[in-house]
Amino acid sequence: MNKENQNIEWKESWRDEYLKWICGFANAQGGQIYIGKNDQGEVVGITDSAKLLEDIPNKVRDVLGILVNVNALSENEKVYLEIEVEAYPYPISYKGQYHYRTGSTKQELKGAALDKFLLHKLGKRWDGVPVPRLTENDLSRSALDYFRKKAVKSK
């Protein structure tokens with residue numbers, strides 16, 4: 001039996017908080033969330049698949065601003081859902097929060113990790129971001145001299 005991993009998550013039933021997991025997949029490598037499977041990946045089924053087939057794509061669009069494919073599947077006469085999430089090239093937020101899928105976990109990005117993620121998604125690095133209202137007088141003469149020496153040495 002497969003295990004949950006970077007690209008696969010199993011949930012026994014749908015809860016709106018799983019929009020955070022969708023956000024995390026969209027911000028990472030993409031993946032699939034299966035609704036109606038237990039932690040061992042066994043199909044337990046769901047009873048409200050017709051309603052969820054309509055509700056989930058609409059909630060994802062309205063809250064996250066992205067589109068996902070939601071498919072009804074069955075095994076041993078039990079229906080479960082597959083939510084296919086693409087990796088997005090730009091940052092996706094859930095109500096102002098940024099989530100990221102790593103390993104088989106969802107992490108909320110904060111502080112330096114959030115800064116690094118946003119810069120990476122925007123194709124920038126920390127040294128390419130201007131600092132507002134910084135003047136030449138704010139710079140350290142010794143730090144600049146040190147940088148020049150290192151630059152010359154590394155060619």
# chains A, B, ... in the order shown; residues from 1 in each chain; ligands from 1
>>> residues_around(residues="Gly31 (chain A)", least_positions_apart="4", cutoff="9 Å", atoms="only C-alpha atoms", output="PyMOL selection string")
chain A and resi 6-9+22+25-26+83-87
>>> residues_around(residues="region 113-115 of chain A", least_positions_apart="3", cutoff="10 Å", atoms="only C-alpha atoms", output="MDAnalysis selection string")
chainID A and resid 97:100 108:110 118:120 125:126
>>> write_last_selection(atoms="N, CA and C atoms", output="tab-separated table (two decimals), in the first residue's frame")
chain	number	residue	atom	x	y	z
A	97	GLN	N	-2.49	33.69	4.79
A	97	GLN	CA	-1.47	32.77	5.28
A	97	GLN	C	-0.90	32.00	4.10
A	98	TYR	N	0.39	31.69	4.19
A	98	TYR	CA	1.04	30.90	3.14
A	98	TYR	C	1.42	29.54	3.73
A	99	HIS	N	0.94	28.50	3.06
A	99	HIS	CA	1.21	27.13	3.49
A	99	HIS	C	2.05	26.44	2.43
A	100	TYR	N	2.81	25.43	2.88
A	100	TYR	CA	3.73	24.74	1.97
A	100	TYR	C	3.76	23.26	2.34
A	108	GLU	N	2.88	26.07	7.85
A	108	GLU	CA	2.56	27.48	7.61
A	108	GLU	C	3.87	28.24	7.61
A	109	LEU	N	4.10	28.99	6.56
A	109	LEU	CA	5.35	29.74	6.43
A	109	LEU	C	5.24	31.06	7.17
A	110	LYS	N	6.28	31.35	7.96
A	110	LYS	CA	6.33	32.60	8.72
A	110	LYS	C	7.77	33.09	8.74
A	118	LEU	N	8.58	33.70	-0.69
A	118	LEU	CA	8.00	34.73	-1.56
A	118	LEU	C	9.03	35.25	-2.56
A	119	LEU	N	10.26	35.48	-2.12
A	119	LEU	CA	11.30	35.93	-3.04
A	119	LEU	C	11.55	34.88	-4.12
A	120	HIS	N	11.63	33.61	-3.72
A	120	HIS	CA	11.87	32.52	-4.68
A	120	HIS	C	10.74	32.46	-5.71
A	125	ARG	N	16.19	37.18	-5.19
A	125	ARG	CA	16.99	36.76	-4.04
A	125	ARG	C	17.05	37.93	-3.07
A	126	TRP	N	17.45	37.65	-1.85
A	126	TRP	CA	17.48	38.70	-0.83
A	126	TRP	C	18.33	39.89	-1.25
>>> closest_residue(among="A:Cys23, A:Leu81, A:Ala112, A:Leu122", to="Leu53 (chain A)", atoms="only C-alpha atoms")
A:Leu81
>>> residues_around(residues="Val43 (chain A)", least_positions_apart="5", cutoff="8 Å", atoms="only C-alpha atoms", output="PyMOL selection string")
chain A and resi 36-38+75+78+80
>>> write_last_selection(atoms="C-alpha atoms", output="CSV table (one decimal), in the first residue's frame")
chain,number,residue,atom,x,y,z
A,36,GLY,CA,-12.6,9.1,1.8
A,37,LYS,CA,-9.3,7.2,2.6
A,38,ASN,CA,-8.0,6.5,6.1
A,75,GLU,CA,-13.3,1.0,-5.0
A,78,LYS,CA,-17.2,2.9,-1.9
A,80,TYR,CA,-14.0,8.6,-2.6
>>> select_by_dssp(residues="region 11-147 of chain A", states="strand (DSSP E or B)", output="VMD selection string")
chain A and resid 11 31 to 35 37 43 69 to 75 78 to 85 94 97 to 102 105 to 109
>>> atom_distance(atom1="CA of Thr102 (chain A)", atom2="CA of Gly24 (chain A)")
8.4 Å
>>> atom_distance(atom1="CA of Leu64 (chain A)", atom2="CA of Arg15 (chain A)")
15.2 Å
>>> residues_around(residues="Leu52 (chain A)", least_positions_apart="4", cutoff="10 Å", atoms="only C-alpha atoms", output="list in words")
Trp14, Ile35, Ile46, Thr47, Asp48, Ile56, Pro57, Asn58, Lys59, Val70, Ala72 and Leu81 of chain A
>>> closest_residue(among="A:Asn27, A:Asp138, A:Pro89, A:Tyr34", to="Ser74 (chain A)", atoms="only C-alpha atoms")
A:Tyr34
>>> atom_distance(atom1="CA of Asn2 (chain A)", atom2="CA of Ser104 (chain A)")
12.4 Å
>>> residues_around(residues="Val60 (chain A)", least_positions_apart="5", cutoff="10 Å", atoms="only C-alpha atoms", output="MDAnalysis selection string")
chainID A and resid 16 18:20 22:23 55 65:68 94
>>> write_last_selection(atoms="N, CA and C atoms", output="PDB file, in the first residue's frame")
ATOM      1  N   ASP A  16     -13.390  22.081   5.692  1.00  0.00           N
ATOM      2  CA  ASP A  16     -12.939  23.281   4.976  1.00  0.00           C
ATOM      3  C   ASP A  16     -11.498  23.658   5.308  1.00  0.00           C
ATOM      4  N   TYR A  18      -9.088  21.891   5.061  1.00  0.00           N
ATOM      5  CA  TYR A  18      -8.215  21.227   4.090  1.00  0.00           C
ATOM      6  C   TYR A  18      -7.885  22.133   2.910  1.00  0.00           C
ATOM      7  N   LEU A  19      -8.522  23.294   2.848  1.00  0.00           N
ATOM      8  CA  LEU A  19      -8.111  24.300   1.864  1.00  0.00           C
ATOM      9  C   LEU A  19      -6.656  24.702   2.111  1.00  0.00           C
ATOM     10  N   LYS A  20      -6.210  24.643   3.375  1.00  0.00           N
ATOM     11  CA  LYS A  20      -4.806  24.938   3.703  1.00  0.00           C
ATOM     12  C   LYS A  20      -3.881  23.906   3.057  1.00  0.00           C
ATOM     13  N   ILE A  22      -4.533  22.221   0.309  1.00  0.00           N
ATOM     14  CA  ILE A  22      -4.539  22.526  -1.125  1.00  0.00           C
ATOM     15  C   ILE A  22      -3.593  23.690  -1.401  1.00  0.00           C
ATOM     16  N   CYS A  23      -3.636  24.708  -0.559  1.00  0.00           N
ATOM     17  CA  CYS A  23      -2.718  25.846  -0.670  1.00  0.00           C
ATOM     18  C   CYS A  23      -1.275  25.362  -0.593  1.00  0.00           C
ATOM     19  N   ASP A  55     -19.081  21.610  -4.214  1.00  0.00           N
ATOM     20  CA  ASP A  55     -18.613  22.528  -3.168  1.00  0.00           C
ATOM     21  C   ASP A  55     -17.098  22.752  -3.191  1.00  0.00           C
ATOM     22  N   GLY A  65      -8.374  31.286  -5.047  1.00  0.00           N
ATOM     23  CA  GLY A  65      -8.231  31.915  -6.359  1.00  0.00           C
ATOM     24  C   GLY A  65      -7.591  31.020  -7.402  1.00  0.00           C
ATOM     25  N   ILE A  66      -7.641  29.706  -7.192  1.00  0.00           N
ATOM     26  CA  ILE A  66      -7.068  28.756  -8.153  1.00  0.00           C
ATOM     27  C   ILE A  66      -8.120  27.714  -8.522  1.00  0.00           C
ATOM     28  N   LEU A  67      -7.810  26.913  -9.524  1.00  0.00           N
ATOM     29  CA  LEU A  67      -8.700  25.837  -9.945  1.00  0.00           C
ATOM     30  C   LEU A  67      -8.039  24.500  -9.673  1.00  0.00           C
ATOM     31  N   VAL A  68      -8.847  23.536  -9.245  1.00  0.00           N
ATOM     32  CA  VAL A  68      -8.379  22.169  -9.027  1.00  0.00           C
ATOM     33  C   VAL A  68      -9.339  21.221  -9.730  1.00  0.00           C
ATOM     34  N   TYR A  94      -3.879  31.414   1.714  1.00  0.00           N
ATOM     35  CA  TYR A  94      -5.144  31.039   2.328  1.00  0.00           C
ATOM     36  C   TYR A  94      -5.445  32.089   3.384  1.00  0.00           C
TER      37      TYR A  94
END
>>> select_by_dssp(residues="chain A", states="alpha helix (DSSP H)", output="PDB file with C-alpha atoms, in the first residue's frame")
ATOM      1  CA  LEU A  19      -8.111  24.300   1.864  1.00  0.00           C
ATOM      2  CA  LYS A  20      -4.806  24.938   3.703  1.00  0.00           C
ATOM      3  CA  TRP A  21      -3.498  21.586   2.409  1.00  0.00           C
ATOM      4  CA  ILE A  22      -4.539  22.526  -1.125  1.00  0.00           C
ATOM      5  CA  CYS A  23      -2.718  25.846  -0.670  1.00  0.00           C
ATOM      6  CA  GLY A  24       0.365  23.946   0.526  1.00  0.00           C
ATOM      7  CA  PHE A  25       0.369  21.644  -2.498  1.00  0.00           C
ATOM      8  CA  ALA A  26      -0.105  24.606  -4.868  1.00  0.00           C
ATOM      9  CA  ASN A  27       2.883  26.380  -3.309  1.00  0.00           C
ATOM     10  CA  SER A  49     -19.773  12.945  -2.977  1.00  0.00           C
ATOM     11  CA  ALA A  50     -22.260  14.713  -5.289  1.00  0.00           C
ATOM     12  CA  LYS A  51     -22.386  17.785  -3.025  1.00  0.00           C
ATOM     13  CA  LEU A  52     -18.600  17.805  -2.502  1.00  0.00           C
ATOM     14  CA  LEU A  53     -17.962  17.559  -6.256  1.00  0.00           C
ATOM     15  CA  GLU A  54     -19.629  20.966  -6.495  1.00  0.00           C
ATOM     16  CA  ASP A  55     -18.613  22.528  -3.168  1.00  0.00           C
ATOM     17  CA  ILE A  56     -14.867  21.819  -3.184  1.00  0.00           C
ATOM     18  CA  PRO A  57     -13.990  23.388  -6.569  1.00  0.00           C
ATOM     19  CA  ASN A  58     -16.096  26.455  -5.719  1.00  0.00           C
ATOM     20  CA  LYS A  59     -14.496  26.899  -2.289  1.00  0.00           C
ATOM     21  CA  GLY A 111       9.267  34.947   9.247  1.00  0.00           C
ATOM     22  CA  ALA A 112      12.429  34.235   7.288  1.00  0.00           C
ATOM     23  CA  ALA A 113      10.950  31.083   5.711  1.00  0.00           C
ATOM     24  CA  LEU A 114       8.052  33.135   4.312  1.00  0.00           C
ATOM     25  CA  ASP A 115      10.417  35.845   3.061  1.00  0.00           C
ATOM     26  CA  LYS A 116      12.593  33.278   1.288  1.00  0.00           C
ATOM     27  CA  PHE A 117       9.544  31.513  -0.220  1.00  0.00           C
ATOM     28  CA  LEU A 118       8.005  34.733  -1.559  1.00  0.00           C
ATOM     29  CA  LEU A 119      11.297  35.933  -3.041  1.00  0.00           C
ATOM     30  CA  HIS A 120      11.872  32.524  -4.675  1.00  0.00           C
ATOM     31  CA  LYS A 121       8.355  32.475  -6.186  1.00  0.00           C
ATOM     32  CA  ARG A 141      32.690  51.665   4.919  1.00  0.00           C
ATOM     33  CA  SER A 142      34.555  48.633   6.348  1.00  0.00           C
ATOM     34  CA  ALA A 143      31.874  46.213   5.095  1.00  0.00           C
ATOM     35  CA  LEU A 144      32.104  47.696   1.588  1.00  0.00           C
ATOM     36  CA  ASP A 145      35.926  47.465   1.636  1.00  0.00           C
ATOM     37  CA  TYR A 146      35.694  43.847   2.796  1.00  0.00           C
ATOM     38  CA  PHE A 147      33.197  43.046   0.015  1.00  0.00           C
ATOM     39  CA  ARG A 148      35.438  44.666  -2.624  1.00  0.00           C
ATOM     40  CA  LYS A 149      38.446  42.606  -1.512  1.00  0.00           C
ATOM     41  CA  LYS A 150      36.415  39.378  -1.605  1.00  0.00           C
ATOM     42  CA  ALA A 151      35.010  40.297  -5.038  1.00  0.00           C
ATOM     43  CA  VAL A 152      38.474  40.921  -6.481  1.00  0.00           C
ATOM     44  CA  LYS A 153      39.783  37.685  -4.976  1.00  0.00           C
ATOM     45  CA  SER A 154      36.903  35.613  -6.425  1.00  0.00           C
TER      46      SER A 154
END
>>> closest_residue(among="A:Gln32, A:Gln40, A:Asn5, A:Ser93", to="Asn69 (chain A)", atoms="only C-alpha atoms")
A:Gln32
>>> closest_residue(among="A:Leu73, A:Gly103, A:Val63, A:Val79", to="Glu17 (chain A)", atoms="only C-alpha atoms")
A:Val63
